[in-house]
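Colleague: Below you will find the structure I want to go over with you.
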Protein chains: 2
Amino acid sequence: MSSMPGELPVPEMADVDLGTVLAALADPHRRAVVLELVAGQDTERACSSFPLPIAKSTRTHHWKVLRQAGLVRQRDAGNGTFVRLRRPEFDAKFPGLLDVVAELSTAR
Amino acid sequence: MSSMPGELPVPEMADVDLGTVLAALADPHRRAVVLELVAGQDTERACSSFPLPIAKSTRTHHWKVLRQAGLVRQRDAGNGTFVRLRRPEFDAKFPGLLDVVAELSTAR
DNA sequence: CCGAAGGTTCGAAGGTTCTCGTACCTGATC
DNA sequence: GATCAGGTACGAGAACCTTCGAACCTTCGG
């Protein structure tokens, strides 16, 4: 569990389980978010910038799931929070997974 | 829904949703089964040949989930049932997914 | 015919997930 | 200071998932 000022705690990548990752990616809302993050390279994005048709508290829940699955890192800036993929880290542990899922979500 | 003599019904591959697939693969027991099937190429295997530490009725449940996720085809031979991956079909719709997940489940 | 092996169906318990509303907090803006 | 936008924490409900046991079915081997 690393935690810097404003950084919400995330699990060590070594402790992240594949099953947890797949479960996190199974939800359409979360997959949509991850898809946008992948598309935007590893840039940081405001959490409020995702057009999810769900309540505020539900969004908070989904961010938590994504954090705990090791997919994203979240920074609290007082007003507004920001997310970014744990890109190099995640790919080191699960090479190819993010790209394949992003590819499959986009292509039809 | 195709169904031949002894073949349990499976969804059309076109109707299979990525979320459903990822959810199916999120479970450790089911992932273990899929992993073995991938390792054994696309050979058919007896359902009873998988060393799962769970009750009979629970196994039945998991086979159903895997069938409905479009991952396997199951044949009922009176005594004993048999499974095989829907390999060429599945890869056509979700290229790379099965290989990546199998790879990530094996390597550690 | 009888039993054992392999499976399905059913119902139920226990846990988890997704969802929401309400209350509350923090920074920026008026 | 009041207000607003963005978020979190908490509690609750509905739905779903995993699991099991009990009852039942079918086939094969004696």
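Ordered as shown in the structure tokens, chains take letters A, B, and onward, while each chain numbers its residues from 1 and ligands are numbered from 1 in the order shown.
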With only C-alpha atoms (C1' of nucleotides) as the counted atoms, please give the residues lying no more than 10 Å from DG14 (chain C), apart from itself and same-chain residues fewer than 2 positions off, as a CSV table (one decimal) with N, CA and C atoms (P, O5', C5', C4', C3', O3' and C1' of nucleotides), in the first residue's frame.
Modeller:
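Listed below is the output, around.csv:
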```
chain,number,residue,atom,x,y,z
C,12,DA,P,-36.8,-23.4,-0.4
C,12,DA,O5',-35.4,-23.1,0.3
C,12,DA,C5',-34.8,-24.1,1.0
C,12,DA,C4',-33.4,-23.8,1.4
C,12,DA,C3',-33.2,-22.3,1.9
C,12,DA,O3',-32.7,-22.4,3.2
C,12,DA,C1',-31.6,-22.8,0.2
C,16,DT,P,-17.8,-11.6,1.4
C,16,DT,O5',-18.2,-11.0,0.0
C,16,DT,C5',-18.0,-11.8,-1.2
C,16,DT,C4',-18.7,-11.2,-2.3
C,16,DT,C3',-18.4,-9.7,-2.5
C,16,DT,O3',-17.8,-9.5,-3.8
C,16,DT,C1',-20.7,-10.1,-2.7
D,18,DT,P,-19.7,-17.1,-9.8
D,18,DT,O5',-19.6,-18.0,-8.4
D,18,DT,C5',-18.9,-17.5,-7.3
D,18,DT,C4',-19.1,-18.4,-6.1
D,18,DT,C3',-18.9,-19.9,-6.4
D,18,DT,O3',-17.9,-20.4,-5.6
D,18,DT,C1',-20.9,-19.5,-5.2
D,19,DT,P,-17.3,-21.9,-5.7
D,19,DT,O5',-18.2,-22.7,-4.7
D,19,DT,C5',-18.2,-22.3,-3.3
D,19,DT,C4',-19.4,-22.9,-2.6
D,19,DT,C3',-19.7,-24.4,-2.9
D,19,DT,O3',-18.9,-25.2,-2.0
D,19,DT,C1',-21.7,-23.1,-2.6
```
Colleague: Residues of chain B classed as alpha helix (DSSP H) by DSSP on the backbone are to be reported as number ranges by chain.
Modeller: B: 18-26, 28-39, 56-68, 87-93, 97-106
Colleague: Could you dump the residues just selected with C-alpha atoms as a short mmCIF file (atom, residue, chain, number, x, y, z; two decimals), in the first residue's frame?
Modeller:
```cif
data_model
loop_
_atom_site.label_atom_id
_atom_site.label_comp_id
_atom_site.auth_asym_id
_atom_site.auth_seq_id
_atom_site.Cartn_x
_atom_site.Cartn_y
_atom_site.Cartn_z
CA LEU B 18 -17.19 -9.43 -23.54
CA GLY B 19 -18.33 -8.59 -20.02
CA THR B 20 -19.84 -12.04 -19.64
CA VAL B 21 -16.62 -13.63 -20.86
CA LEU B 22 -14.46 -11.66 -18.44
CA ALA B 23 -16.80 -12.46 -15.58
CA ALA B 24 -16.61 -16.15 -16.47
CA LEU B 25 -12.82 -16.02 -16.51
CA ALA B 26 -12.67 -14.13 -13.22
CA PRO B 28 -10.40 -19.30 -10.26
CA HIS B 29 -12.06 -22.69 -10.79
CA ARG B 30 -13.36 -21.78 -14.21
CA ARG B 31 -10.08 -20.18 -15.19
CA ALA B 32 -8.23 -23.33 -14.14
CA VAL B 33 -10.47 -25.40 -16.39
CA VAL B 34 -10.05 -23.07 -19.36
CA LEU B 35 -6.32 -23.06 -18.78
CA GLU B 36 -6.16 -26.84 -19.01
CA LEU B 37 -8.30 -26.85 -22.12
CA VAL B 38 -6.05 -24.30 -23.79
CA ALA B 39 -2.98 -26.29 -22.81
CA LYS B 56 -20.99 -32.12 -8.19
CA SER B 57 -23.84 -29.63 -8.40
CA THR B 58 -21.38 -26.75 -8.21
CA ARG B 59 -19.44 -28.17 -11.13
CA THR B 60 -22.62 -28.34 -13.16
CA HIS B 61 -23.16 -24.67 -12.37
CA HIS B 62 -19.68 -23.72 -13.58
CA TRP B 63 -20.05 -25.65 -16.84
CA LYS B 64 -23.23 -23.74 -17.46
CA VAL B 65 -21.50 -20.41 -16.90
CA LEU B 66 -18.70 -21.38 -19.28
CA ARG B 67 -21.18 -22.50 -21.93
CA GLN B 68 -23.22 -19.34 -21.67
CA ARG B 87 -11.71 -22.44 -30.32
CA PRO B 88 -11.85 -21.14 -33.89
CA GLU B 89 -15.17 -19.41 -33.29
CA PHE B 90 -14.16 -17.73 -30.07
CA ASP B 91 -10.85 -16.49 -31.42
CA ALA B 92 -12.63 -15.00 -34.41
CA LYS B 93 -14.75 -12.86 -32.13
CA LEU B 97 -8.05 -12.92 -25.35
CA LEU B 98 -7.86 -16.62 -24.63
CA ASP B 99 -4.14 -16.78 -25.31
CA VAL B 100 -3.35 -13.77 -23.15
CA VAL B 101 -5.37 -15.03 -20.20
CA ALA B 102 -3.90 -18.51 -20.51
CA GLU B 103 -0.42 -17.04 -20.71
CA LEU B 104 -0.99 -14.86 -17.64
CA SER B 105 -2.47 -17.72 -15.64
CA THR B 106 0.48 -19.96 -16.39
#
```
Colleague: Take chain B, superimpose it onto chain A by least squares using every C-alpha atom paired in sequence order, and output the result as a compact mmCIF listing (two decimals) with C-alpha atoms, in the first residue's frame.
Modeller:
```txt
# COMPACT_ATOMS: atom_id res chain seq x y z
CA MET B 1 0.11 0.00 -0.09
CA SER B 2 1.82 3.19 -1.26
CA SER B 3 0.27 6.55 -0.37
CA MET B 4 1.69 9.95 -1.19
CA PRO B 5 0.13 13.30 -0.33
CA GLY B 6 -3.29 13.27 -1.97
CA GLU B 7 -2.71 9.83 -3.43
CA LEU B 8 -5.36 7.33 -2.44
CA PRO B 9 -3.90 3.98 -1.31
CA VAL B 10 -3.45 1.26 -3.93
CA PRO B 11 -2.25 -2.32 -3.51
CA GLU B 12 1.27 -3.39 -4.41
CA MET B 13 1.24 -4.75 -7.94
CA ALA B 14 2.65 -8.02 -6.61
CA ASP B 15 -0.50 -8.47 -4.52
CA VAL B 16 -2.87 -7.91 -7.42
CA ASP B 17 -4.75 -11.02 -8.51
CA LEU B 18 -5.74 -11.77 -12.11
CA GLY B 19 -9.23 -12.78 -11.03
CA THR B 20 -9.75 -9.42 -9.38
CA VAL B 21 -8.57 -7.65 -12.53
CA LEU B 22 -10.89 -9.62 -14.79
CA ALA B 23 -13.81 -9.04 -12.44
CA ALA B 24 -13.06 -5.31 -12.48
CA LEU B 25 -12.98 -5.29 -16.26
CA ALA B 26 -16.20 -7.29 -16.52
CA ASP B 27 -18.34 -4.29 -15.59
CA PRO B 28 -19.34 -2.15 -18.60
CA HIS B 29 -18.96 1.18 -16.81
CA ARG B 30 -15.52 0.36 -15.52
CA ARG B 31 -14.45 -1.07 -18.85
CA ALA B 32 -15.61 2.11 -20.58
CA VAL B 33 -13.46 4.17 -18.25
CA VAL B 34 -10.40 1.98 -18.73
CA LEU B 35 -10.95 2.09 -22.46
CA GLU B 36 -10.87 5.89 -22.47
CA LEU B 37 -7.77 5.93 -20.30
CA VAL B 38 -5.99 3.54 -22.64
CA ALA B 39 -7.03 5.61 -25.64
CA GLY B 40 -5.66 8.75 -23.98
CA GLN B 41 -2.24 7.16 -23.49
CA ASP B 42 -1.13 7.45 -19.88
CA THR B 43 -2.40 10.97 -19.34
CA GLU B 44 -4.13 11.95 -16.13
CA ARG B 45 -7.82 12.72 -16.34
CA ALA B 46 -10.37 14.38 -14.09
CA CYS B 47 -12.75 11.79 -12.65
CA SER B 48 -15.62 14.13 -13.41
CA SER B 49 -14.79 14.04 -17.13
CA PHE B 50 -16.23 10.58 -17.67
CA PRO B 51 -19.84 10.57 -18.91
CA LEU B 52 -21.18 7.80 -16.67
CA PRO B 53 -24.97 7.68 -16.22
CA ILE B 54 -24.76 6.78 -12.56
CA ALA B 55 -24.99 8.48 -9.17
CA LYS B 56 -22.00 10.14 -7.53
CA SER B 57 -21.70 7.55 -4.78
CA THR B 58 -21.77 4.76 -7.35
CA ARG B 59 -18.89 6.37 -9.22
CA THR B 60 -16.89 6.49 -6.01
CA HIS B 61 -17.54 2.78 -5.62
CA HIS B 62 -16.26 2.01 -9.13
CA TRP B 63 -13.09 4.06 -8.65
CA LYS B 64 -12.41 2.05 -5.55
CA VAL B 65 -12.83 -1.23 -7.42
CA LEU B 66 -10.47 -0.06 -10.16
CA ARG B 67 -7.89 1.07 -7.61
CA GLN B 68 -8.03 -2.18 -5.70
CA ALA B 69 -7.69 -4.15 -8.92
CA GLY B 70 -4.41 -2.35 -9.49
CA LEU B 71 -5.62 -0.73 -12.70
CA VAL B 72 -5.54 2.93 -11.72
CA ARG B 73 -3.95 5.41 -9.37
CA GLN B 74 -6.16 8.19 -8.01
CA ARG B 75 -5.15 11.61 -6.74
CA ASP B 76 -7.31 13.83 -4.57
CA ALA B 77 -6.91 17.53 -5.31
CA GLY B 78 -9.29 18.92 -2.74
CA ASN B 79 -11.88 19.84 -5.24
CA GLY B 80 -11.90 17.27 -8.00
CA THR B 81 -10.00 13.99 -8.16
CA PHE B 82 -7.86 12.65 -10.95
CA VAL B 83 -7.04 9.20 -12.28
CA ARG B 84 -4.40 7.64 -14.43
CA LEU B 85 -3.55 4.10 -15.40
CA ARG B 86 -0.75 2.33 -13.56
CA ARG B 87 0.57 1.71 -17.00
CA PRO B 88 4.19 0.55 -16.89
CA GLU B 89 3.63 -1.34 -13.65
CA PHE B 90 0.48 -3.09 -14.74
CA ASP B 91 1.91 -4.15 -18.09
CA ALA B 92 4.94 -5.59 -16.35
CA LYS B 93 2.73 -7.90 -14.34
CA PHE B 94 0.00 -8.58 -16.90
CA PRO B 95 1.62 -8.07 -20.30
CA GLY B 96 -0.82 -7.71 -23.15
CA LEU B 97 -3.99 -7.84 -21.09
CA LEU B 98 -4.86 -4.17 -21.13
CA ASP B 99 -4.16 -3.83 -24.83
CA VAL B 100 -6.20 -6.89 -25.77
CA VAL B 101 -9.21 -5.83 -23.72
CA ALA B 102 -9.03 -2.29 -25.04
CA GLU B 103 -8.75 -3.60 -28.58
CA LEU B 104 -11.74 -5.92 -28.12
CA SER B 105 -13.85 -3.20 -26.55
CA THR B 106 -13.17 -0.82 -29.40
CA ALA B 107 -13.34 -3.03 -32.46
CA ARG B 108 -16.73 -4.32 -33.42
```
Colleague: Counting only C-alpha atoms (C1' of nucleotides), a student should be able to say which residues of chain D come within 10 Å of chain A; what is the right answer, written as number ranges by chain?
Modeller: D: 5-9
